[in-house]
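File shown: run-v8.cif (mmCIF, C-alpha atoms).
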data_data
#
loop_
_atom_site.label_atom_id
_atom_site.label_comp_id
_atom_site.auth_asym_id
_atom_site.auth_seq_id
_atom_site.Cartn_x
_atom_site.Cartn_y
_atom_site.Cartn_z
CA MET A 1288 -59.38 30.11 -115.88
CA GLU A 1289 -57.18 27.46 -114.33
CA THR A 1290 -57.38 25.35 -117.49
CA ASN A 1291 -56.23 28.24 -119.69
CA GLY A 1292 -53.77 29.63 -117.19
CA TRP A 1293 -55.58 32.98 -116.87
CA THR A 1294 -55.08 35.05 -113.73
CA SER A 1295 -55.98 38.66 -114.61
CA ALA A 1296 -59.04 40.53 -113.36
CA ARG A 1297 -60.16 40.99 -116.97
CA ALA A 1298 -60.07 37.23 -117.51
CA ALA A 1299 -62.10 36.70 -114.36
CA GLN A 1300 -64.71 39.15 -115.63
CA ILE A 1301 -65.04 37.38 -118.98
CA ALA A 1302 -65.27 34.01 -117.23
CA ALA A 1303 -68.03 35.30 -114.97
CA TYR A 1304 -70.05 36.63 -117.91
CA THR A 1305 -69.59 33.36 -119.80
CA THR A 1306 -70.47 30.91 -117.04
CA ARG A 1307 -73.13 32.64 -114.98
CA ALA A 1308 -76.71 31.47 -115.38
CA ALA A 1309 -79.37 33.86 -116.61
CA LYS A 1310 -81.76 35.10 -113.96
CA GLN A 1311 -85.12 33.41 -114.13
CA MET A 1312 -88.40 34.52 -112.64
CA THR A 1313 -89.36 31.84 -110.12
CA ASP A 1314 -92.82 30.38 -109.76
CA ALA A 1315 -93.06 31.98 -106.34
CA ALA A 1316 -92.46 35.43 -107.86
CA ARG A 1317 -95.08 34.82 -110.55
CA GLU A 1318 -97.60 33.72 -107.96
CA LEU A 1319 -96.86 36.75 -105.83
CA THR A 1320 -97.38 39.14 -108.75
CA LYS A 1321 -100.61 37.38 -109.70
CA ARG A 1322 -101.90 37.65 -106.13
CA TRP A 1323 -101.12 41.36 -105.98
CA HIS A 1324 -103.12 41.99 -109.16
CA GLU A 1325 -106.08 40.02 -107.82
CA GLU A 1326 -106.05 41.92 -104.53
CA ALA A 1327 -105.88 45.24 -106.41
CA ARG A 1328 -108.90 44.29 -108.54
CA HIS A 1329 -110.82 43.17 -105.43
CA LEU A 1330 -110.20 46.56 -103.86
CA ALA A 1331 -111.01 48.40 -107.13
CA PHE A 1332 -107.47 49.70 -106.98
CA LEU A 1333 -106.94 49.87 -110.73
CA GLN A 1334 -106.13 53.43 -111.79
CA PRO A 1335 -103.16 55.75 -111.06
CA HIS A 1336 -105.40 58.18 -109.18
CA HIS A 1337 -106.14 55.45 -106.65
CA LEU A 1338 -102.46 55.33 -105.73
CA ASP A 1339 -102.43 59.13 -105.58
CA ALA A 1340 -105.25 59.03 -103.04
CA VAL A 1341 -103.43 56.51 -100.86
CA LEU A 1342 -100.21 58.54 -100.97
CA GLY A 1343 -102.05 61.82 -100.42
CA ARG A 1344 -100.73 63.49 -103.56
CA ARG A 1345 -102.28 65.21 -106.57
CA ARG A 1346 -101.24 64.08 -110.03
CA ARG A 1347 -100.30 66.97 -112.30
CA HIS A 1348 -101.91 66.48 -115.67
CA GLN A 1349 -99.32 67.74 -118.11
CA ASP A 1350 -100.22 69.16 -121.49
CA VAL A 1351 -98.34 66.96 -123.95
CA VAL A 1352 -98.28 69.62 -126.69
CA ALA A 1353 -97.09 72.30 -124.26
CA THR A 1354 -94.33 69.98 -123.05
CA GLU A 1355 -93.17 69.34 -126.62
CA ASP A 1356 -93.27 73.07 -127.40
CA ARG A 1357 -91.09 73.75 -124.38
CA LEU A 1358 -88.59 71.07 -125.39
CA VAL A 1359 -88.06 72.56 -128.87
CA GLY A 1360 -87.99 76.14 -127.57
CA PRO A 1361 -85.02 78.27 -126.43
CA LEU A 1362 -85.11 76.82 -122.90
CA GLY A 1363 -85.52 73.23 -124.01
CA ILE A 1364 -83.16 70.65 -125.48
CA THR A 1365 -81.00 73.19 -127.34
CA PHE A 1366 -80.44 75.43 -124.34
CA HIS A 1367 -77.19 73.61 -123.52
CA GLN A 1368 -76.40 71.96 -126.87
CA SER A 1369 -76.72 73.04 -130.51
CA THR A 1370 -77.64 69.58 -131.79
CA PHE A 1371 -79.17 66.50 -130.21
CA THR A 1372 -79.95 62.84 -130.81
CA LYS A 1373 -83.04 60.72 -130.16
CA ALA A 1374 -81.43 59.56 -126.92
CA ASP A 1375 -81.03 63.20 -125.84
CA ALA A 1376 -84.69 63.87 -126.63
CA LEU A 1377 -85.77 60.80 -124.63
CA ARG A 1378 -83.75 61.99 -121.63
CA HIS A 1379 -85.18 65.52 -121.75
CA LEU A 1380 -88.75 64.28 -122.21
CA SER A 1381 -88.41 61.85 -119.29
CA GLU A 1382 -87.08 64.64 -117.07
CA ALA A 1383 -89.97 66.89 -118.13
CA MET A 1384 -92.63 64.30 -117.27
CA VAL A 1385 -92.57 64.84 -113.52
CA ASP A 1386 -95.17 62.16 -112.82
CA GLY A 1387 -93.38 59.55 -114.85
CA ILE A 1388 -93.91 57.96 -118.25
CA THR A 1389 -93.65 54.44 -119.60
CA ILE A 1390 -90.89 53.51 -122.04
CA VAL A 1391 -93.40 52.83 -124.81
CA GLU A 1392 -95.12 56.19 -124.30
CA ALA A 1393 -91.78 58.03 -124.18
CA VAL A 1394 -90.59 56.49 -127.45
CA GLU A 1395 -93.90 57.29 -129.17
CA ARG A 1396 -93.84 60.91 -127.99
CA VAL A 1397 -90.20 61.41 -128.99
CA ASP A 1398 -90.90 59.98 -132.46
CA ARG A 1399 -93.74 62.49 -132.77
CA LEU A 1400 -91.51 65.30 -131.50
CA LEU A 1401 -88.75 64.51 -134.00
CA SER A 1402 -91.28 64.60 -136.85
CA ARG A 1403 -92.42 68.17 -136.03
CA VAL A 1404 -91.85 70.83 -138.66
CA ASP A 1405 -89.81 72.92 -136.19
CA VAL A 1406 -87.33 70.08 -135.63
CA VAL A 1407 -84.66 69.81 -138.33
CA ARG A 1408 -82.87 66.57 -139.19
CA LEU A 1409 -79.22 67.37 -139.85
CA GLY A 1410 -77.92 63.96 -140.89
CA SER A 1411 -76.16 61.02 -139.31
CA ASP A 1412 -73.03 60.73 -137.21
CA ALA A 1413 -70.42 58.35 -138.53
CA PRO A 1414 -70.24 55.14 -136.45
CA ASN A 1415 -67.90 55.51 -133.51
CA PRO A 1416 -65.20 52.82 -133.77
CA HIS A 1417 -64.60 53.11 -130.03
CA GLU A 1418 -68.26 52.42 -129.13
CA THR A 1419 -68.57 48.76 -128.19
CA ILE A 1420 -71.17 46.38 -126.83
CA ARG A 1421 -70.63 43.21 -124.81
CA ARG A 1422 -72.12 40.02 -126.18
CA ALA A 1423 -73.58 37.28 -124.04
CA ASP A 1424 -70.30 35.40 -124.18
CA GLY A 1425 -68.46 38.38 -122.71
CA GLN A 1426 -66.77 39.47 -125.95
CA LEU A 1427 -66.63 43.14 -126.92
CA VAL A 1428 -67.63 44.05 -130.48
CA THR A 1429 -67.98 47.38 -132.29
CA SER A 1430 -71.58 48.57 -132.25
CA ASN A 1431 -71.54 50.24 -135.72
CA ARG A 1432 -74.49 52.27 -134.50
CA VAL A 1433 -75.65 55.09 -136.78
CA VAL A 1434 -76.96 58.07 -134.80
CA GLU A 1435 -79.30 60.64 -136.35
CA ARG A 1436 -78.67 64.22 -135.27
CA TYR A 1437 -81.24 67.02 -135.02
CA SER A 1438 -81.57 70.69 -134.15
CA THR A 1439 -84.46 73.13 -133.85
CA ALA A 1440 -85.67 75.65 -136.40
CA GLU A 1441 -85.54 78.36 -133.72
CA LEU A 1442 -81.84 77.90 -132.96
CA MET A 1443 -80.90 77.54 -136.63
CA GLU A 1444 -82.67 80.81 -137.39
CA VAL A 1445 -80.69 82.54 -134.63
CA GLU A 1446 -77.47 81.16 -136.09
CA ARG A 1447 -78.46 82.18 -139.61
CA GLN A 1448 -79.20 85.76 -138.53
CA PHE A 1449 -75.92 85.88 -136.59
CA VAL A 1450 -73.86 84.82 -139.61
CA GLN A 1451 -75.76 87.16 -141.90
CA LEU A 1452 -75.09 90.10 -139.59
CA CYS A 1453 -71.37 89.42 -139.61
CA VAL A 1454 -71.10 88.69 -143.33
CA ARG A 1455 -73.36 91.57 -144.35
CA GLY A 1456 -71.35 93.79 -142.00
CA ALA A 1457 -68.39 93.50 -144.38
CA ARG A 1458 -70.09 96.19 -146.43
CA THR A 1459 -70.82 98.64 -143.60
CA ARG A 1460 -68.71 101.51 -142.28
CA SER A 1461 -68.36 100.70 -138.61
CA PRO A 1462 -66.10 102.76 -136.31
CA HIS A 1463 -62.61 102.84 -137.85
CA LEU A 1464 -59.57 105.04 -138.38
CA THR A 1465 -57.98 106.14 -141.61
CA GLU A 1466 -54.70 104.46 -142.42
CA SER A 1467 -52.74 107.63 -141.75
CA ARG A 1468 -54.34 108.04 -138.30
CA ALA A 1469 -53.66 104.38 -137.53
CA ALA A 1470 -49.99 104.90 -138.48
CA VAL A 1471 -49.80 107.82 -136.03
CA GLU A 1472 -51.26 105.72 -133.24
CA LEU A 1473 -48.96 102.80 -133.96
CA ALA A 1474 -45.95 105.12 -133.77
CA ASP A 1475 -46.71 105.41 -130.04
CA HIS A 1476 -46.12 101.66 -129.63
CA PRO A 1477 -42.55 100.96 -130.81
CA SER A 1478 -42.41 97.70 -128.83
CA LEU A 1479 -44.98 96.10 -131.13
CA SER A 1480 -43.49 93.54 -133.49
CA ASP A 1481 -44.25 93.78 -137.20
CA ASP A 1482 -46.93 91.12 -136.90
CA GLN A 1483 -48.51 92.78 -133.88
CA ARG A 1484 -48.57 96.04 -135.81
CA ALA A 1485 -50.37 94.20 -138.62
CA LEU A 1486 -53.05 92.98 -136.19
CA VAL A 1487 -53.57 96.31 -134.45
CA GLY A 1488 -53.48 98.29 -137.69
CA GLY A 1489 -55.93 95.89 -139.31
CA LEU A 1490 -58.39 96.22 -136.43
CA LEU A 1491 -58.13 100.02 -136.33
CA THR A 1492 -58.70 100.51 -140.07
CA SER A 1493 -61.24 97.75 -140.67
CA GLU A 1494 -64.66 99.01 -141.69
CA ARG A 1495 -66.28 95.65 -141.03
CA PHE A 1496 -69.09 95.43 -138.50
CA CYS A 1497 -67.55 92.27 -137.02
CA ASP A 1498 -63.90 91.25 -136.91
CA VAL A 1499 -62.72 87.91 -135.54
CA VAL A 1500 -59.38 87.44 -133.76
CA VAL A 1501 -58.40 83.82 -133.21
CA ALA A 1502 -56.04 83.90 -130.25
CA PRO A 1503 -55.19 80.88 -128.08
CA ALA A 1504 -54.27 81.32 -124.44
CA GLY A 1505 -50.79 82.71 -123.91
CA SER A 1506 -50.56 84.33 -127.35
CA GLY A 1507 -50.34 87.88 -125.99
CA LYS A 1508 -53.76 89.00 -127.23
CA THR A 1509 -54.28 91.54 -124.42
CA PHE A 1510 -51.04 93.34 -125.34
CA SER A 1511 -52.36 93.91 -128.86
CA LEU A 1512 -55.89 94.72 -127.67
CA ASN A 1513 -54.48 97.35 -125.31
CA ALA A 1514 -52.72 99.07 -128.22
CA ALA A 1515 -55.90 98.91 -130.32
CA ARG A 1516 -57.93 100.35 -127.44
CA GLN A 1517 -55.59 103.31 -127.15
CA GLY A 1518 -55.92 103.96 -130.86
CA TRP A 1519 -59.71 103.82 -130.80
CA GLU A 1520 -60.06 105.96 -127.67
CA ALA A 1521 -57.56 108.57 -128.90
CA ASN A 1522 -59.86 109.13 -131.87
CA GLY A 1523 -63.10 109.49 -129.94
CA HIS A 1524 -64.34 105.90 -129.83
CA ARG A 1525 -65.65 104.17 -126.71
CA VAL A 1526 -64.35 100.64 -126.11
CA ILE A 1527 -66.41 98.20 -124.04
CA GLY A 1528 -65.30 94.68 -123.09
CA VAL A 1529 -67.51 91.74 -122.27
CA SER A 1530 -66.96 88.07 -121.43
CA LEU A 1531 -69.05 85.17 -120.20
CA ALA A 1532 -67.08 84.77 -116.97
CA ALA A 1533 -66.39 87.52 -114.44
CA ARG A 1534 -62.80 86.31 -114.14
CA ALA A 1535 -62.14 86.85 -117.86
CA ALA A 1536 -63.81 90.27 -117.73
CA LYS A 1537 -61.55 91.32 -114.85
CA GLU A 1538 -58.46 90.14 -116.70
CA LEU A 1539 -59.46 92.06 -119.82
CA ALA A 1540 -59.94 95.20 -117.73
CA ALA A 1541 -56.67 94.76 -115.85
CA GLN A 1542 -54.42 93.77 -118.76
CA ALA A 1543 -55.93 95.64 -121.73
CA ASN A 1544 -57.43 98.54 -119.73
CA ILE A 1545 -60.79 97.93 -121.39
CA ARG A 1546 -63.75 98.62 -119.15
CA SER A 1547 -65.43 95.20 -119.03
CA SER A 1548 -68.34 93.30 -117.53
CA THR A 1549 -70.01 89.93 -117.86
CA ALA A 1550 -72.38 89.29 -120.77
CA ALA A 1551 -75.31 88.88 -118.37
CA ALA A 1552 -74.59 92.23 -116.72
CA LEU A 1553 -74.27 94.01 -120.07
CA GLU A 1554 -77.52 92.47 -121.32
CA GLY A 1555 -79.28 93.72 -118.19
CA ASP A 1556 -77.85 97.22 -118.62
CA LEU A 1557 -78.96 97.34 -122.26
CA ARG A 1558 -82.49 96.19 -121.40
CA ALA A 1559 -82.75 98.77 -118.62
CA SER A 1560 -81.21 101.51 -120.82
CA ARG A 1561 -78.38 101.96 -118.31
CA ASN A 1562 -75.99 101.48 -121.20
CA ARG A 1563 -76.40 102.22 -124.90
CA PHE A 1564 -74.33 101.49 -127.96
CA ASP A 1565 -73.80 104.13 -130.63
CA SER A 1566 -71.89 104.64 -133.85
CA ARG A 1567 -68.66 105.30 -131.95
CA THR A 1568 -68.81 102.19 -129.75
CA VAL A 1569 -66.41 99.27 -130.14
CA LEU A 1570 -67.54 96.09 -128.36
CA VAL A 1571 -64.77 93.55 -127.62
CA ILE A 1572 -66.15 90.09 -126.78
CA ASP A 1573 -63.38 88.08 -125.12
CA GLU A 1574 -63.38 84.27 -124.91
CA ALA A 1575 -66.14 84.34 -127.52
CA ALA A 1576 -65.98 80.57 -128.02
CA MET A 1577 -67.37 80.11 -124.51
CA MET A 1578 -70.41 82.37 -125.00
CA GLY A 1579 -73.77 80.84 -125.93
CA THR A 1580 -75.27 81.42 -129.37
CA ARG A 1581 -78.40 83.24 -128.24
CA GLN A 1582 -76.58 85.48 -125.77
CA MET A 1583 -73.95 86.52 -128.30
CA ALA A 1584 -76.58 87.09 -130.98
CA THR A 1585 -78.48 89.41 -128.65
CA LEU A 1586 -75.39 91.58 -128.10
CA LEU A 1587 -74.59 91.65 -131.81
CA VAL A 1588 -78.10 92.78 -132.73
CA HIS A 1589 -77.82 95.69 -130.28
CA ALA A 1590 -74.44 96.65 -131.75
CA TYR A 1591 -75.53 96.31 -135.38
CA GLU A 1592 -78.66 98.42 -134.91
CA ALA A 1593 -76.57 101.15 -133.24
CA GLY A 1594 -73.90 101.13 -135.96
CA SER A 1595 -71.24 99.93 -133.53
CA LYS A 1596 -68.27 97.66 -134.20
CA VAL A 1597 -67.76 94.20 -132.69
CA VAL A 1598 -64.47 92.34 -132.22
CA LEU A 1599 -64.80 88.65 -131.34
CA VAL A 1600 -61.70 87.29 -129.62
CA GLY A 1601 -61.22 83.65 -128.74
CA ASP A 1602 -59.96 80.22 -129.58
CA PRO A 1603 -62.37 77.88 -131.44
CA HIS A 1604 -60.54 74.93 -129.87
CA GLN A 1605 -61.01 76.29 -126.36
CA LEU A 1606 -63.42 74.79 -123.84
CA GLN A 1607 -66.80 75.29 -125.46
CA SER A 1608 -69.77 77.26 -124.19
CA ILE A 1609 -72.04 76.07 -121.38
CA GLU A 1610 -75.06 77.00 -123.44
CA ALA A 1611 -75.53 76.07 -127.10
CA GLY A 1612 -72.63 77.64 -128.98
CA GLY A 1613 -69.99 76.97 -131.61
CA LEU A 1614 -70.54 80.18 -133.55
CA LEU A 1615 -66.92 81.35 -133.38
CA ARG A 1616 -65.74 78.22 -135.16
CA GLY A 1617 -68.50 78.48 -137.77
CA LEU A 1618 -67.90 82.18 -138.35
CA SER A 1619 -64.15 81.72 -138.81
CA ASP A 1620 -64.96 79.45 -141.76
CA ARG A 1621 -67.06 82.13 -143.42
CA ILE A 1622 -65.20 85.43 -143.06
CA ASP A 1623 -61.57 86.53 -142.99
CA VAL A 1624 -60.12 86.39 -139.48
CA PHE A 1625 -57.01 87.64 -137.74
CA GLU A 1626 -54.90 84.92 -136.15
CA LEU A 1627 -52.55 85.46 -133.25
CA THR A 1628 -50.31 82.46 -132.63
CA ARG A 1629 -47.31 81.58 -130.56
CA GLU A 1630 -44.32 80.16 -132.44
CA PRO A 1631 -41.29 78.41 -130.90
CA THR A 1632 -38.09 80.39 -130.48
CA PRO A 1633 -34.63 78.82 -129.94
CA ALA A 1634 -33.82 78.74 -126.22
CA GLY A 1635 -31.46 81.50 -125.14
CA ALA A 1636 -31.73 83.40 -128.42
CA LEU A 1637 -33.51 86.32 -126.74
CA GLY A 1638 -34.24 87.62 -123.29
CA ALA A 1639 -37.58 86.79 -121.71
CA HIS A 1640 -39.22 90.06 -122.80
CA GLY A 1641 -37.88 89.91 -126.34
CA ALA A 1642 -38.71 86.25 -126.72
CA ARG A 1643 -42.33 86.85 -125.79
CA ARG A 1644 -42.66 89.65 -128.28
CA SER A 1645 -40.94 87.83 -131.14
CA CYS A 1646 -42.98 84.66 -130.71
CA GLU A 1647 -46.31 86.39 -131.22
CA THR A 1648 -47.53 86.60 -134.80
CA ALA A 1649 -50.74 87.92 -136.28
CA THR A 1650 -51.88 87.10 -139.78
CA ARG A 1651 -55.01 87.65 -141.73
CA ARG A 1652 -56.41 84.24 -142.71
CA SER A 1653 -58.79 84.19 -145.63
CA SER A 1654 -61.51 81.57 -145.55
CA SER A 1655 -61.43 79.14 -148.45
CA ARG A 1656 -65.16 79.67 -148.75
CA ARG A 1657 -64.84 83.38 -149.46
CA THR A 1658 -63.95 85.34 -152.54
CA GLY A 1659 -61.66 88.31 -152.87
CA SER A 1660 -57.95 89.00 -153.12
CA THR A 1661 -57.09 89.51 -149.45
CA SER A 1662 -55.72 86.06 -148.71
CA GLY A 1663 -52.79 86.32 -146.35
CA SER A 1664 -52.75 90.13 -146.55
CA ARG A 1665 -51.33 92.26 -143.76
CA TRP A 1666 -52.00 95.84 -142.87
CA GLN A 1667 -49.29 98.15 -144.13
CA PRO A 1668 -48.80 101.78 -143.08
CA PRO A 1669 -49.76 104.24 -145.84
CA SER A 1670 -47.34 106.22 -147.91
CA SER A 1671 -46.67 109.76 -146.79
CA GLY A 1672 -49.72 112.01 -147.00
CA SER A 1673 -52.19 109.24 -147.75
CA GLU A 1674 -55.63 109.53 -146.17
CA SER A 1675 -57.11 106.33 -147.53
CA SER A 1676 -59.50 104.53 -145.20
CA SER A 1677 -59.62 101.30 -147.15
CA SER A 1678 -59.73 97.99 -145.25
CA PRO A 1679 -57.83 94.78 -145.96
CA THR A 1680 -60.88 92.63 -145.60
CA GLY A 1681 -62.37 92.30 -149.06
CA SER A 1682 -65.96 91.40 -149.86
CA ALA A 1683 -67.89 88.53 -148.31
CA THR A 1684 -69.89 85.81 -149.98
CA PRO A 1685 -72.69 84.67 -147.63
CA LEU A 1686 -73.20 80.93 -147.36
CA MET A 1687 -76.81 81.34 -146.27
CA GLY A 1688 -79.67 83.07 -147.98
CA SER A 1689 -79.98 86.75 -147.41
#
Please, can you express the file's structure as structure tokens?
Amino acid sequence: METNGWTSARAAQIAAYTTRAAKQMTDAARELTKRWHEEARHLAFLQPHHLDAVLGRRRRHQDVVATEDRLVGPLGITFHQSTFTKADALRHLSEAMVDGITIVEAVERVDRLLSRVDVVRLGSDAPNPHETIRRADGQLVTSNRVVERYSTAELMEVERQFVQLCVRGARTRSPHLTESRAAVELADHPSLSDDQRALVGGLLTSERFCDVVVAPAGSGKTFSLNAARQGWEANGHRVIGVSLAARAAKELAAQANIRSSTAAALEGDLRASRNRFDSRTVLVIDEAAMMGTRQMATLLVHAYEAGSKVVLVGDPHQLQSIEAGGLLRGLSDRIDVFELTREPTPAGALGAHGARRSCETATRRSSSRRTGSTSGSRWQPPSSGSESSSSPTGSATPLMGS
């Protein structure tokens, strides 16, 4: 360092890596290990159960097949993540083997697990240019490591059924209002901007089983949901709110006046028949991006079988679910969605109340993967005397087999 004039901590680290000698196993250490093995053989102390006897413990003989089945099941590797790598599988297997496992055995078992018919290879991740390794001389180089990614057949089937329910639901007649009734309800909300009226009117008249509202935080979604709730309830529909977190459920109840609970509580009520969906029920799932795939699918199946309507509200770019999720982002690529965004307004142009209202916009975004003529359409009030109940959603083209 002195020769090159280096003084930084980084330079000191590189110098240390470059000049330090590799650790060598001394003769004394080799002799000690050899002596230990000889003493163990003399005492017939050769098998793992001998150590168990000395320590006074019982070794739990784990069923390898049962362990693998558990890892690829709903409570296994994909409980917290939708996809996984070989490294993830090694970590989960090692954690599952409570009595330990050698590296060689772990790699062999993971290779066998990844070759099972109920494990699906999805493809490879592109090399991460920011992933580096340090060479023996202390230099950092890009690893160019290619990582294979997998999922399980069980989770992919849940996702497939979820998407099919929502896409197939485009052709059902879920709870909705006629356009003339929606116009009457909207007349009671003169403070709604034109774009907010488009969102609320679209939700009220949509015959789809599942509608998606993409709404980032601070976009005024609860103001629009409150107006939609009043329209549904005024026409005999029951609106139920649900969210993963209790905090979000309380906010939905306080700001949109939608009776809400956590997803876990609602699931328990449905299982115990303390709550039932019917053909006049509207289920609003708030912060849908944070809800796990299996939990959301369970609620949607209950709603679909009862002929109810579901409205998924959330931001695909929001903090993702604790459990395996990502369905909101995938669904928004497959069906038309409503978008509520916040646009900048010149400072001082409006008062605080007016600025908030004018900055909120709602548009109907048509997925590029769908067919139909509804791209960019907005709900419009009907002409005088019209009783049409048509929806602006158009038909859906499923990406997965029916």
Item checked: Å distance separating atom CA of A:Ser1530 from atom CA of A:Thr1465, one decimal place ->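 Atom CA of A:Thr1465 lies 28.5 Å from atom CA of A:Ser1530.
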Next item on the list: Would you kindly translate the PyMOL selection byres ((chain A and resi 1583-1598) around 8) into the concrete residues it picks from this file, as a VMD selection string?
Entry: chain A and resid 1445 to 1446 1449 1452 1461 to 1462 1495 to 1500 1554 1564 to 1572 1578 to 1582 1599 to 1600
Next item on the list: Name the residues that the PyMOL selection byres ((chain A and resi 1549) around 7) picks from the file above, as a list in words, using the file's chain letters and numbers.
Entry: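 When the PyMOL selection byres ((chain A and resi 1549) around 7) is applied to the shown file, the picked residues are Val1529, Ser1530, Leu1531, Ala1532, Ala1533, Ala1536, Ser1548, Ala1550, Ala1551, Ala1552 and Leu1553 of chain A.
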Store the residues of this selection in a file with C-alpha atoms, as a compact mmCIF listing (two decimals), in the coordinates of the input.
# COMPACT_ATOMS: atom_id res chain seq x y z
CA VAL A 1529 -67.51 91.74 -122.27
CA SER A 1530 -66.96 88.07 -121.43
CA LEU A 1531 -69.05 85.17 -120.20
CA ALA A 1532 -67.08 84.77 -116.97
CA ALA A 1533 -66.39 87.52 -114.44
CA ALA A 1536 -63.81 90.27 -117.73
CA SER A 1548 -68.34 93.30 -117.53
CA ALA A 1550 -72.38 89.29 -120.77
CA ALA A 1551 -75.31 88.88 -118.37
CA ALA A 1552 -74.59 92.23 -116.72
CA LEU A 1553 -74.27 94.01 -120.07
Item checked: Test item: the PyMOL selection byres ((chain A and resi 1427-1440) around 10) resolved as a PyMOL selection string -> chain A and resi 1301+1358-1361+1363-1365+1368-1376+1401+1403-1426+1441-1446
Margin query: Can you measure atom CA of A:Glu1520 to atom CA of A:Ala1502 for me? One decimal in Å is fine.
Written below: 22.6 Å
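One distance worth recording is that between atom CA of A:His1476 and atom CA of A:Asp1602, which is 25.5 Å.
Here the question is which of A:Glu1318, A:Glu1392, A:Asp1573, A:Glu1325 gets nearest to A:Val1501 using only C-alpha atoms, and that residue is A:Asp1573.
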Axis-aligned box over every listed atom of stretch 1438-1457 of chain A, padded by 5 Å per side: centre and edges in Å to one decimal, as JSON?
{"center_x": -77.0, "center_y": 82.2, "center_z": -138.7, "size_x": 27.3, "size_y": 33.1, "size_z": 21.4}
Next item on the list: Might you pull out every residue within 12 Å of A:Asn1522, with all atoms listed in the file counted and same-chain residues fewer than 2 positions away left off, and present them as a list of chain:residue names?
Entry: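 Selected residues are A:Pro1462, A:His1463, A:Leu1464, A:Thr1465, A:Arg1468, A:Ala1469, A:Val1471, A:Glu1472, A:Leu1491, A:Thr1492, A:Ala1515, A:Arg1516, A:Gln1517, A:Gly1518, A:Trp1519, A:Glu1520, A:His1524, A:Arg1525, A:Val1526, A:Arg1567, A:Thr1568, A:Val1569.
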Write out as a tab-separated table the residues of stretch 1469-1509 of chain A that have any atom within 12 Å of an atom of stretch 1539-1542 of chain A, one row each with the nearest atom pair and its distance in Å to one decimal, counting only C-alpha atoms, sorted by chain and then rising number.
residue	atom	partner	partner_atom	distance
A:Gly1507	CA	A:Gln1542	CA	10.2
A:Lys1508	CA	A:Gln1542	CA	9.7
A:Thr1509	CA	A:Gln1542	CA	6.1
